[in-house]
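Structure below is structure-v3.cif: mmCIF, C-alpha atoms.
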```cif
data_data
loop_
_atom_site.label_atom_id
_atom_site.label_comp_id
_atom_site.auth_asym_id
_atom_site.auth_seq_id
_atom_site.Cartn_x
_atom_site.Cartn_y
_atom_site.Cartn_z
CA MET B 1 -22.32 33.25 7.25
CA PRO B 2 -19.38 30.83 7.54
CA GLU B 3 -17.60 30.84 10.86
CA ARG B 4 -14.11 32.32 11.09
CA ARG B 5 -11.25 29.77 10.88
CA THR B 6 -10.44 29.62 14.58
CA ILE B 7 -9.44 25.95 15.08
CA SER B 8 -5.83 25.38 14.11
CA VAL B 9 -4.98 21.94 12.73
CA LEU B 10 -1.53 20.61 11.95
CA VAL B 11 -1.30 17.64 9.57
CA VAL B 12 2.07 15.89 9.82
CA GLY B 13 2.86 14.10 6.55
CA SER B 14 1.81 14.64 2.94
CA GLY B 15 1.02 11.15 1.72
CA LEU B 16 -2.50 10.30 0.58
CA ALA B 17 -3.89 10.13 4.14
CA GLY B 18 -2.47 13.51 5.15
CA LEU B 19 -3.49 15.24 1.93
CA THR B 20 -7.02 13.82 2.08
CA ALA B 21 -7.50 14.80 5.74
CA ALA B 22 -6.17 18.30 5.06
CA HIS B 23 -8.36 18.71 1.97
CA LEU B 24 -11.51 17.69 3.82
CA LEU B 25 -10.91 19.95 6.84
CA HIS B 26 -9.80 22.86 4.65
CA ASN B 27 -13.05 22.58 2.68
CA ASP B 28 -15.30 22.49 5.75
CA LYS B 29 -18.49 24.31 4.73
CA ARG B 30 -18.43 26.30 7.98
CA GLN B 31 -14.75 27.20 7.43
CA ARG B 32 -13.75 26.44 11.02
CA TYR B 33 -10.36 24.86 10.44
CA ASP B 34 -7.08 26.63 9.73
CA VAL B 35 -5.07 23.75 8.26
CA THR B 36 -1.31 23.49 7.78
CA ILE B 37 0.60 20.50 6.45
CA PHE B 38 4.17 19.80 7.59
CA GLU B 39 6.29 17.68 5.26
CA GLN B 40 9.80 16.70 6.30
CA GLY B 41 11.02 16.41 2.69
CA PRO B 42 11.61 19.06 0.02
CA VAL B 43 8.46 18.06 -1.94
CA PRO B 44 5.07 16.54 -1.05
CA SER B 45 5.58 12.84 -0.46
CA LEU B 46 2.67 11.14 -2.27
CA SER B 47 4.38 11.30 -5.67
CA SER B 48 7.87 12.33 -4.60
CA ALA B 49 9.50 9.19 -6.02
CA SER B 50 7.44 8.85 -9.21
CA LEU B 51 9.09 8.83 -12.63
CA SER B 52 8.10 10.61 -15.83
CA THR B 53 8.56 8.52 -18.97
CA PRO B 54 7.61 9.05 -22.65
CA SER B 55 4.78 6.55 -22.21
CA GLY B 56 3.44 8.21 -19.06
CA PRO B 57 4.20 8.47 -15.35
CA ILE B 58 5.30 5.45 -13.32
CA ASP B 59 4.30 5.64 -9.68
CA ILE B 60 6.87 4.45 -7.14
CA PRO B 61 5.85 2.36 -5.34
CA MET B 62 3.22 0.85 -7.64
CA ARG B 63 -0.25 2.30 -7.05
CA SER B 64 -2.56 -0.08 -8.91
CA PHE B 65 -5.93 -0.87 -7.36
CA THR B 66 -9.32 -2.47 -7.94
CA ALA B 67 -12.60 -0.62 -7.60
CA SER B 68 -14.07 -3.38 -5.43
CA TYR B 69 -11.41 -3.24 -2.69
CA TYR B 70 -10.89 0.53 -2.97
CA PRO B 71 -14.43 1.99 -3.15
CA HIS B 72 -13.57 5.10 -1.12
CA LEU B 73 -10.46 5.88 -3.19
CA SER B 74 -12.52 5.34 -6.35
CA ARG B 75 -15.08 7.89 -5.13
CA VAL B 76 -12.33 10.43 -4.43
CA LEU B 77 -11.01 10.08 -7.97
CA GLN B 78 -14.50 10.44 -9.43
CA TYR B 79 -15.14 13.52 -7.27
CA LEU B 80 -11.90 15.11 -8.49
CA HIS B 81 -12.60 14.08 -12.12
CA LEU B 82 -9.40 12.06 -12.35
CA PRO B 83 -9.63 9.25 -14.92
CA VAL B 84 -8.13 5.80 -14.43
CA ARG B 85 -6.73 3.38 -16.99
CA PRO B 86 -6.32 -0.41 -16.96
CA GLU B 87 -2.99 -1.79 -15.73
CA PRO B 88 -2.54 -5.28 -17.18
CA PHE B 89 -0.16 -7.57 -15.31
CA LEU B 90 1.82 -10.63 -16.29
CA PHE B 91 2.73 -12.66 -13.20
CA SER B 92 5.94 -14.61 -13.65
CA PHE B 93 6.36 -17.36 -11.06
CA PRO B 94 9.00 -20.06 -10.68
CA SER B 95 7.32 -22.66 -12.89
CA TYR B 96 4.97 -20.66 -15.11
CA SER B 97 3.68 -17.21 -16.10
CA HIS B 98 0.13 -16.00 -16.58
CA PRO B 99 -1.70 -12.68 -17.14
CA SER B 100 -3.79 -11.09 -14.44
CA ARG B 101 -7.34 -12.40 -14.01
CA LEU B 102 -6.14 -15.63 -15.70
CA ALA B 103 -7.19 -14.08 -19.02
CA SER B 104 -5.27 -16.79 -20.90
CA LEU B 105 -3.55 -20.07 -20.12
CA PRO B 106 0.06 -19.97 -18.95
CA PRO B 107 2.34 -20.55 -21.97
CA ARG B 108 4.48 -23.68 -22.12
CA PRO B 109 8.16 -22.91 -21.44
CA SER B 110 10.65 -24.53 -23.80
CA HIS B 111 12.16 -26.76 -21.12
CA ARG B 112 8.82 -28.47 -20.35
CA SER B 113 7.15 -31.15 -22.47
CA TRP B 114 3.49 -30.89 -23.40
CA PRO B 115 2.44 -33.77 -21.09
CA GLN B 116 4.31 -32.14 -18.19
CA HIS B 117 2.73 -28.78 -19.01
CA ILE B 118 -0.78 -30.20 -19.17
CA ARG B 119 -0.32 -32.00 -15.86
CA LEU B 120 0.94 -28.79 -14.26
CA LEU B 121 -2.00 -26.77 -15.62
CA ALA B 122 -4.48 -29.35 -14.34
CA ALA B 123 -2.87 -29.32 -10.90
CA LEU B 124 -2.80 -25.52 -10.91
CA ALA B 125 -6.47 -25.30 -11.92
CA PHE B 126 -7.51 -27.72 -9.17
CA ALA B 127 -5.39 -25.98 -6.52
CA TYR B 128 -6.63 -22.52 -7.52
CA ALA B 129 -10.28 -23.63 -7.49
CA TYR B 130 -9.78 -25.17 -4.05
CA PHE B 131 -8.08 -21.97 -2.83
CA ILE B 132 -11.04 -19.84 -3.94
CA PHE B 133 -13.42 -22.34 -2.32
CA THR B 134 -11.57 -22.09 1.00
CA CYS B 135 -11.59 -18.29 0.87
CA PHE B 136 -15.38 -18.25 0.67
CA PHE B 137 -16.41 -21.36 2.63
CA LEU B 138 -13.61 -21.97 5.15
CA PRO B 139 -13.07 -18.44 6.48
CA PRO B 140 -10.31 -17.72 8.99
CA SER B 141 -10.87 -16.82 12.61
CA ASP B 142 -9.73 -13.56 14.20
CA SER B 143 -6.84 -15.34 15.91
CA GLU B 144 -5.38 -17.09 12.85
CA ASP B 145 -2.44 -15.78 10.89
CA PHE B 146 -2.18 -16.53 7.19
CA GLY B 147 0.26 -19.40 7.63
CA GLN B 148 -1.93 -21.11 10.23
CA TRP B 149 -5.03 -20.76 8.06
CA MET B 150 -3.32 -22.26 4.98
CA LYS B 151 -2.19 -25.25 7.03
CA ARG B 152 -5.67 -25.70 8.51
CA VAL B 153 -7.38 -25.73 5.11
CA ARG B 154 -4.59 -27.94 3.71
CA LEU B 155 -3.57 -25.92 0.69
CA PRO B 156 -0.93 -27.83 -1.32
CA GLY B 157 2.58 -26.83 -0.29
CA TRP B 158 3.86 -26.39 -3.86
CA PHE B 159 0.90 -24.11 -4.65
CA VAL B 160 1.55 -22.01 -1.55
CA GLY B 161 5.24 -21.65 -2.40
CA GLU B 162 4.95 -21.10 -6.13
CA TYR B 163 1.74 -19.09 -6.37
CA ILE B 164 0.15 -17.75 -3.17
CA LEU B 165 3.21 -16.38 -1.42
CA PRO B 166 4.79 -14.67 -4.47
CA LEU B 167 1.45 -13.17 -5.50
CA MET B 168 0.38 -11.81 -2.13
CA ALA B 169 3.91 -10.75 -1.13
CA ALA B 170 3.88 -8.54 -4.24
CA VAL B 171 0.65 -6.92 -3.00
CA ALA B 172 1.95 -6.43 0.54
CA THR B 173 5.56 -5.52 -0.43
CA CYS B 174 7.04 -7.90 2.10
CA ASP B 175 8.88 -11.18 2.18
CA HIS B 176 7.19 -14.54 2.48
CA ALA B 177 7.87 -15.09 6.18
CA GLU B 178 6.34 -11.68 7.01
CA LEU B 179 3.29 -12.44 4.87
CA LEU B 180 2.70 -15.71 6.74
CA ALA B 181 2.35 -13.67 9.97
CA PHE B 182 -0.35 -11.39 8.49
CA PRO B 183 -3.87 -11.83 9.87
CA ALA B 184 -5.51 -14.44 7.68
CA LYS B 185 -8.63 -12.27 7.57
CA ASP B 186 -6.63 -9.55 5.78
CA VAL B 187 -5.29 -11.72 3.00
CA VAL B 188 -8.34 -13.91 2.53
CA GLY B 189 -10.63 -10.86 2.62
CA TYR B 190 -8.52 -9.15 -0.04
CA LYS B 191 -8.64 -12.20 -2.29
CA ARG B 192 -12.39 -12.65 -1.85
CA VAL B 193 -13.13 -9.06 -2.86
CA THR B 194 -10.61 -8.71 -5.69
CA ASN B 195 -10.97 -12.14 -7.30
CA GLY B 196 -11.35 -11.63 -11.05
CA GLU B 197 -11.34 -7.81 -10.77
CA PRO B 198 -9.26 -5.72 -13.21
CA HIS B 199 -6.46 -3.53 -11.85
CA VAL B 200 -6.35 0.16 -12.74
CA VAL B 201 -4.08 3.13 -12.04
CA VAL B 202 -4.63 6.89 -12.02
CA ALA B 203 -4.19 7.79 -15.69
CA ASP B 204 -1.86 10.72 -15.02
CA GLY B 205 -0.21 9.14 -11.97
CA VAL B 206 -0.74 9.91 -8.30
CA GLY B 207 0.96 13.26 -8.92
CA ALA B 208 -2.32 14.44 -10.47
CA LEU B 209 -4.20 13.34 -7.33
CA GLN B 210 -1.65 15.13 -5.16
CA ARG B 211 -2.06 18.38 -7.11
CA GLN B 212 -5.86 18.27 -6.91
CA LEU B 213 -5.91 17.66 -3.18
CA LEU B 214 -3.42 20.47 -2.52
CA GLU B 215 -5.21 22.93 -4.78
CA GLY B 216 -8.06 22.70 -2.32
CA GLY B 217 -11.08 23.32 -4.55
CA LYS B 218 -13.35 26.28 -3.79
CA ALA B 219 -11.55 27.03 -0.51
CA GLY B 220 -8.27 27.68 -2.30
CA ALA B 221 -4.92 26.02 -1.88
CA VAL B 222 -4.07 24.06 1.26
CA LYS B 223 -1.08 25.50 3.12
CA ILE B 224 1.94 23.18 3.11
CA GLU B 225 5.33 23.85 4.65
CA LEU B 226 8.22 21.73 3.39
CA ASN B 227 11.41 20.65 5.18
CA ARG B 228 9.63 20.59 8.54
CA ARG B 229 10.60 17.58 10.67
CA VAL B 230 8.47 17.21 13.80
CA HIS B 231 10.36 16.05 16.91
CA ARG B 232 7.79 16.12 19.72
CA ILE B 233 4.12 16.66 20.40
CA GLN B 234 3.12 17.53 23.97
CA GLY B 235 0.15 19.02 25.79
CA ALA B 236 -2.74 18.36 28.13
CA VAL B 237 -5.16 15.62 27.11
CA GLN B 238 -7.98 18.01 26.23
CA GLY B 239 -5.88 21.10 25.52
CA PRO B 240 -3.83 22.53 22.64
CA LYS B 241 -0.73 20.65 21.54
CA VAL B 242 2.77 22.10 21.58
CA VAL B 243 4.61 20.87 18.49
CA THR B 244 8.41 21.01 18.36
CA TYR B 245 9.96 20.85 14.89
CA LEU B 246 13.04 21.77 12.90
CA GLU B 247 12.94 24.83 10.65
CA ASP B 248 16.10 25.80 8.75
CA GLY B 249 18.15 23.74 11.20
CA ALA B 250 16.73 25.46 14.29
CA GLU B 251 14.29 23.97 16.79
CA VAL B 252 10.95 25.83 16.77
CA THR B 253 7.68 25.33 18.66
CA GLY B 254 4.12 25.97 17.56
CA VAL B 255 0.73 25.52 19.24
CA TYR B 256 -2.18 23.79 17.49
CA ASP B 257 -5.68 22.86 18.61
CA LYS B 258 -5.66 19.54 16.74
CA VAL B 259 -2.90 17.40 15.25
CA VAL B 260 -3.31 14.74 12.54
CA LEU B 261 -0.39 12.32 12.31
CA ALA B 262 -0.26 10.95 8.77
CA VAL B 263 2.96 9.02 9.31
CA THR B 264 4.01 5.45 10.04
CA PRO B 265 3.59 3.88 13.50
CA ASP B 266 7.31 4.03 14.32
CA VAL B 267 7.26 7.79 13.71
CA VAL B 268 4.02 8.26 15.68
CA GLY B 269 5.52 6.47 18.69
CA GLY B 270 8.72 8.49 18.42
CA ILE B 271 7.08 11.92 18.52
CA TYR B 272 3.95 11.35 20.62
CA ALA B 273 4.66 9.59 23.92
CA PRO B 274 1.06 8.56 24.82
CA LEU B 275 0.98 6.26 21.78
CA LYS B 276 4.53 4.92 22.04
CA GLU B 277 3.62 1.58 23.63
CA LYS B 278 0.81 0.82 21.18
CA MET B 279 2.90 1.81 18.17
CA SER B 280 5.73 -0.49 19.27
CA ARG B 281 3.36 -3.43 18.70
CA ILE B 282 2.83 -2.59 15.02
CA PRO B 283 5.69 -4.00 12.89
CA THR B 284 7.37 -1.92 10.19
CA LYS B 285 10.29 -2.45 7.82
CA LYS B 286 12.38 -0.44 5.39
CA VAL B 287 11.87 -1.27 1.72
CA GLU B 288 14.10 0.11 -1.01
CA VAL B 289 12.72 0.36 -4.54
CA VAL B 290 15.34 0.70 -7.25
CA ALA B 291 14.29 1.98 -10.69
CA ILE B 292 16.45 0.57 -13.49
CA ARG B 293 16.36 1.57 -17.16
CA GLU B 294 16.91 -1.40 -19.45
CA GLU B 295 19.40 -0.77 -22.25
CA GLY B 296 18.09 -1.38 -25.75
CA ARG B 297 14.47 -1.52 -24.56
CA GLU B 298 12.99 1.90 -25.10
CA GLY B 299 10.44 2.94 -22.51
CA GLU B 300 11.04 -0.11 -20.28
CA ILE B 301 11.65 0.47 -16.58
CA ILE B 302 12.25 -2.16 -13.90
CA LEU B 303 11.17 -1.48 -10.33
CA ARG B 304 13.01 -3.88 -8.04
CA SER B 305 11.93 -4.17 -4.42
CA LYS B 306 14.71 -4.79 -1.90
CA GLY B 307 13.20 -5.89 1.36
CA GLY B 308 10.22 -7.37 -0.44
CA GLU B 309 10.60 -10.15 -2.99
CA THR B 310 9.27 -8.73 -6.22
CA GLU B 311 10.34 -7.08 -9.44
CA ALA B 312 7.99 -5.07 -11.64
CA ARG B 313 8.94 -4.52 -15.28
CA HIS B 314 7.04 -1.58 -16.83
CA CYS B 315 6.93 -1.76 -20.62
CA ALA B 316 6.17 1.07 -23.02
CA ARG B 317 3.04 -0.74 -24.20
CA GLY B 318 1.57 -0.62 -20.69
CA LEU B 319 2.07 -4.23 -19.63
CA VAL B 320 3.62 -4.74 -16.18
CA THR B 321 5.45 -8.01 -15.56
CA VAL B 322 5.58 -8.87 -11.85
CA THR B 323 8.20 -11.47 -10.96
CA GLY B 324 7.95 -13.19 -7.60
CA PRO B 325 11.22 -15.04 -6.93
CA LEU B 326 10.86 -18.06 -4.69
CA THR B 327 12.56 -18.02 -1.30
CA ALA B 328 13.83 -21.12 0.46
CA ILE B 329 10.42 -22.57 1.16
CA GLY B 330 11.69 -25.75 2.82
CA ASP B 331 13.21 -23.80 5.74
CA GLY B 332 10.37 -24.37 8.20
CA LYS B 333 8.77 -20.98 7.54
CA SER B 334 5.95 -22.08 5.29
CA GLY B 335 5.85 -25.85 5.28
CA ALA B 336 5.96 -25.89 1.47
CA SER B 337 8.48 -27.69 -0.71
CA THR B 338 10.93 -26.25 -3.21
CA PRO B 339 9.92 -26.85 -6.84
CA SER B 340 12.16 -29.13 -8.85
CA GLU B 341 11.68 -27.42 -12.22
CA PRO B 342 13.83 -24.47 -13.29
CA SER B 343 12.44 -20.96 -13.32
CA SER B 344 10.62 -19.52 -16.33
CA GLY B 345 10.67 -16.00 -14.87
CA ALA B 346 10.87 -12.91 -17.05
CA SER B 347 14.00 -11.45 -15.44
CA SER B 348 16.85 -10.63 -17.79
CA GLY B 349 20.28 -12.29 -17.67
CA ALA B 350 22.57 -11.75 -14.73
CA SER B 351 24.55 -8.52 -14.50
CA THR B 352 27.61 -7.67 -12.49
CA PRO B 353 27.10 -5.19 -9.60
CA SER B 354 28.84 -2.40 -11.54
CA GLN B 355 26.73 -3.01 -14.66
CA GLU B 356 23.55 -3.07 -12.60
CA GLU B 357 24.48 0.11 -10.73
CA SER B 358 25.08 1.98 -13.98
CA LYS B 359 21.46 1.34 -15.00
CA VAL B 360 19.94 2.75 -11.76
CA ILE B 361 18.04 5.97 -12.34
CA ARG B 362 16.40 6.30 -8.91
CA ARG B 363 16.53 4.80 -5.43
CA SER B 364 13.66 5.32 -3.01
CA VAL B 365 13.38 4.04 0.54
CA PHE B 366 9.97 3.62 2.16
CA THR B 367 8.78 2.43 5.55
CA ARG B 368 6.33 -0.38 4.96
CA VAL B 369 3.81 -1.12 7.71
CA LEU B 370 3.30 -4.84 8.21
CA ARG B 371 0.40 -6.64 9.84
CA SER B 372 0.07 -9.30 12.52
CA VAL B 373 -2.78 -10.72 14.54
CA GLU B 374 -1.66 -8.60 17.49
CA SER B 375 -1.24 -5.37 15.51
CA ARG B 376 -4.69 -5.84 13.99
CA GLN B 377 -6.19 -5.70 17.47
CA VAL B 378 -4.09 -2.62 18.30
CA VAL B 379 -5.37 -0.79 15.23
CA LYS B 380 -8.97 -1.77 15.94
CA SER B 381 -8.70 -0.41 19.49
CA LEU B 382 -7.17 2.79 18.13
CA GLU B 383 -10.07 3.37 15.76
CA LYS B 384 -12.47 3.68 18.71
CA SER B 385 -10.46 6.34 20.56
CA ASN B 386 -8.76 8.08 17.64
CA GLY B 387 -8.57 11.83 18.29
CA ASP B 388 -10.13 11.77 21.76
CA ASP B 389 -7.07 13.63 23.06
CA GLY B 390 -6.87 15.98 20.07
CA VAL B 391 -4.28 13.88 18.23
CA PHE B 392 -5.47 11.72 15.32
CA VAL B 393 -3.59 9.03 13.41
CA VAL B 394 -4.33 8.30 9.76
CA GLY B 395 -2.71 6.16 7.10
CA GLY B 396 -2.98 3.04 5.00
CA TRP B 397 -2.42 1.03 8.20
CA CYS B 398 -5.25 2.74 10.14
CA TRP B 399 -8.11 0.46 9.17
CA ASP B 400 -9.03 -3.21 9.40
CA GLY B 401 -7.55 -4.43 6.13
CA MET B 402 -4.42 -4.70 4.02
CA VAL B 403 -2.07 -1.72 4.34
CA LEU B 404 -3.05 -0.03 1.08
CA LEU B 405 -4.31 3.32 -0.23
CA GLU B 406 -7.91 2.54 0.69
CA GLY B 407 -6.97 2.78 4.36
CA CYS B 408 -5.54 6.24 3.77
CA VAL B 409 -8.84 7.56 2.48
CA ARG B 410 -11.05 5.80 5.02
CA SER B 411 -9.00 6.97 8.02
CA ALA B 412 -8.94 10.55 6.71
CA GLU B 413 -12.71 10.46 6.29
CA GLY B 414 -12.96 9.23 9.88
CA VAL B 415 -11.11 12.34 11.12
CA ALA B 416 -13.38 14.62 9.11
CA ARG B 417 -16.55 13.01 10.46
CA LYS B 418 -15.28 13.11 14.03
CA LEU B 419 -14.67 16.85 13.63
CA GLY B 420 -18.10 17.44 12.13
CA VAL B 421 -16.99 17.91 8.52
CA GLU B 422 -19.08 16.54 5.67
CA VAL B 423 -17.33 14.16 3.28
CA PRO B 424 -18.42 15.37 -0.19
CA TRP B 425 -17.84 12.19 -2.23
#
```

Could I get this file's structure written as structure tokens?
Amino acid sequence: MPERRTISVLVVGSGLAGLTAAHLLHNDKRQRYDVTIFEQGPVPSLSSASLSTPSGPIDIPMRSFTASYYPHLSRVLQYLHLPVRPEPFLFSFPSYSHPSRLASLPPRPSHRSWPQHIRLLAALAFAYAYFIFTCFFLPPSDSEDFGQWMKRVRLPGWFVGEYILPLMAAVATCDHAELLAFPAKDVVGYKRVTNGEPHVVVADGVGALQRQLLEGGKAGAVKIELNRRVHRIQGAVQGPKVVTYLEDGAEVTGVYDKVVLAVTPDVVGGIYAPLKEKMSRIPTKKVEVVAIREEGREGEIILRSKGGETEARHCARGLVTVTGPLTAIGDGKSGASTPSEPSSGASSGASTPSQEESKVIRRSVFTRVLRSVESRQVVKSLEKSNGDDGVFVVGGWCWDGMVLLEGCVRSAEGVARKLGVEVPW
């Protein structure tokens, strides 16, 4: 017979990492874990900012992925019978635009002559081929950041400024200077694995994934309590943890055998003192995503990242145009030069602040976890001791790779395995 649920577990946070960890522990075949999720907001957070449109849901922030870089997430979706659909992209950079996977040649903008366009395409083809070669045959060391590696392999400055930085900054939701400080192994590893792979999204949006994980399968629904902001976690190293949180404006305490922190490093360090020093070495930033409805373009939504450097234009026909505006590259941050040709980006004409504000249908602020050579080592050391004191950390940042959804699933699986729970997918 299954054991009685005698081990209390509190999961703090209801993003993908928290929901996956809670789902796995709740569905333990021996039924040992009494799981509760605390979410500080009024709704679960994984899809809290997503939009419903006539052409389907739009996830905010964007949740596209490739099967090759996200094998664990792909297995979760298959296990839950959640279909995916292709998400075609058109990347619009300062001097040219092209579809994802280079499915066709960049079109010639009207301001550029055919000889100029052909020369640019030839230079782009050579630079891109050299970039792929360096990713596979000139790998970075553990101590190199992305900027140092690009200088070492001598990637052309114009190619870095006009292609690499806008493209990868869109993936990482950060600005170019922050991307240059990422571990080179992160960015190069991502490019090696995803090169030529199609991007997909959950067909019914991440809201469908959120519902499935909370429904809990055969074990029934996972318990989630909303509007619960955790302030402190205390307790002996090997003993139960006393959790202090706000409930209806009053400070309340509860005791739990295990705690899973599915929140960002700044929050972890703020509520759990033993990890404060380590968490302070992992950089984070606030990113605001503004959803704008374009007048006269039915079904078209723009997602503009403030704090990153990208704009994503979602069209009714399913195409997503990602615009990567160029920053001042000649400022000593990247060593690249500013292009002389005018932009051929897909952004619409300029609007006044009042006109722009009138189009806004949603504002969402997220904490984005960044990467550095130092923080990579911090995370790797954390993986070895995670949960030894009864407090686990999970999240997209809790693995050795880009801060993306795959890390959420992998870190949640790590908690389950450490607590003796079988991962069913």

Subject >> Nearest to Phe137 (chain B), chosen from B:Gly401, B:Gly205, B:Val290, B:Gly189, with only C-alpha atoms counted in the distances >> reply: B:Gly189

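Pairwise distance (CA of Val421 (chain B), CA of Asp388 (chain B)) equals 16.1 Å.
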
Original post:
In terms of the shortest atom-to-atom distance over only C-alpha atoms, which of B:Asp145, B:Asp400, B:Asp389, B:Asp266 is closest to Arg368 (chain B)?
Top reply: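 So, comparing all the options, the nearest one is B:Asp266.
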
**OP:** Just the residues within 6 Å of region 146-153 of chain B, please, counting only C-alpha atoms, with nothing from its chain fewer than 5 positions along; format it as a list in words.
**Re:**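 Here the qualifying residues turn out to be Leu180, Phe182, Pro183 and Ala184 of chain B.
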
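Proximity to region 370-376 of chain B at 8 Å, evaluated using all atoms listed in the file and with sequence-adjacent residues fewer than 3 positions away removed, yields Asp142, Ser143, Glu144, Asp145, Ala172, Cys174, Glu178, Ala181, Phe182, Pro183, Arg281, Ile282, Pro283, Thr284, Lys285, Val379, Lys380, Asp400, Met402 and Val403 of chain B.
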
Subject >> Non-local contacts of Leu24 (chain B) (8 Å; all atoms listed in the file; under 6 positions in same chain excluded) as JSON, numbers by chain >> reply: {"B": [413, 416, 421, 422, 423]}

With region 159-166 of chain B as the partner and 12 Å as the cut-off, tabulate the residues of region 47-154 of chain B that qualify, each row holding the nearest pair of atoms and their distance in Å to one decimal, using only C-alpha atoms, sorted by chain and rising number, as a tab-separated table.
```
residue	atom	partner	partner_atom	distance
B:Phe91	CA	B:Pro166	CA	9.2
B:Ser92	CA	B:Pro166	CA	9.3
B:Phe93	CA	B:Glu162	CA	6.3
B:Pro94	CA	B:Glu162	CA	6.2
B:Ser95	CA	B:Glu162	CA	7.3
B:Tyr96	CA	B:Glu162	CA	9.0
B:Ser97	CA	B:Tyr163	CA	10.1
B:His98	CA	B:Tyr163	CA	10.8
B:Leu120	CA	B:Phe159	CA	10.7
B:Leu121	CA	B:Phe159	CA	11.7
B:Ala123	CA	B:Phe159	CA	9.0
B:Leu124	CA	B:Phe159	CA	7.4
B:Ala125	CA	B:Phe159	CA	10.4
B:Phe126	CA	B:Phe159	CA	10.2
B:Ala127	CA	B:Phe159	CA	6.8
B:Tyr128	CA	B:Phe159	CA	8.2
B:Ala129	CA	B:Phe159	CA	11.5
B:Tyr130	CA	B:Phe159	CA	10.7
B:Phe131	CA	B:Ile164	CA	9.3
B:Ile132	CA	B:Ile164	CA	11.4
B:Phe146	CA	B:Leu165	CA	10.2
B:Gly147	CA	B:Val160	CA	9.6
B:Trp149	CA	B:Val160	CA	11.7
B:Met150	CA	B:Val160	CA	8.1
B:Lys151	CA	B:Val160	CA	9.9
B:Val153	CA	B:Val160	CA	11.7
B:Arg154	CA	B:Val160	CA	10.0
```

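Between CA of Ser280 (chain B) and CA of Pro265 (chain B) lies a distance of 7.5 Å.
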
Subject >> Pick from B:Ser64, B:Ser113, B:Ser74, B:Ser50, whichever lies nearest to Val409 (chain B) using only C-alpha atoms >> reply: B:Ser74

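CA of Ser68 (chain B) to CA of Leu261 (chain B) spans 27.4 Å [interatomic distance, one decimal].
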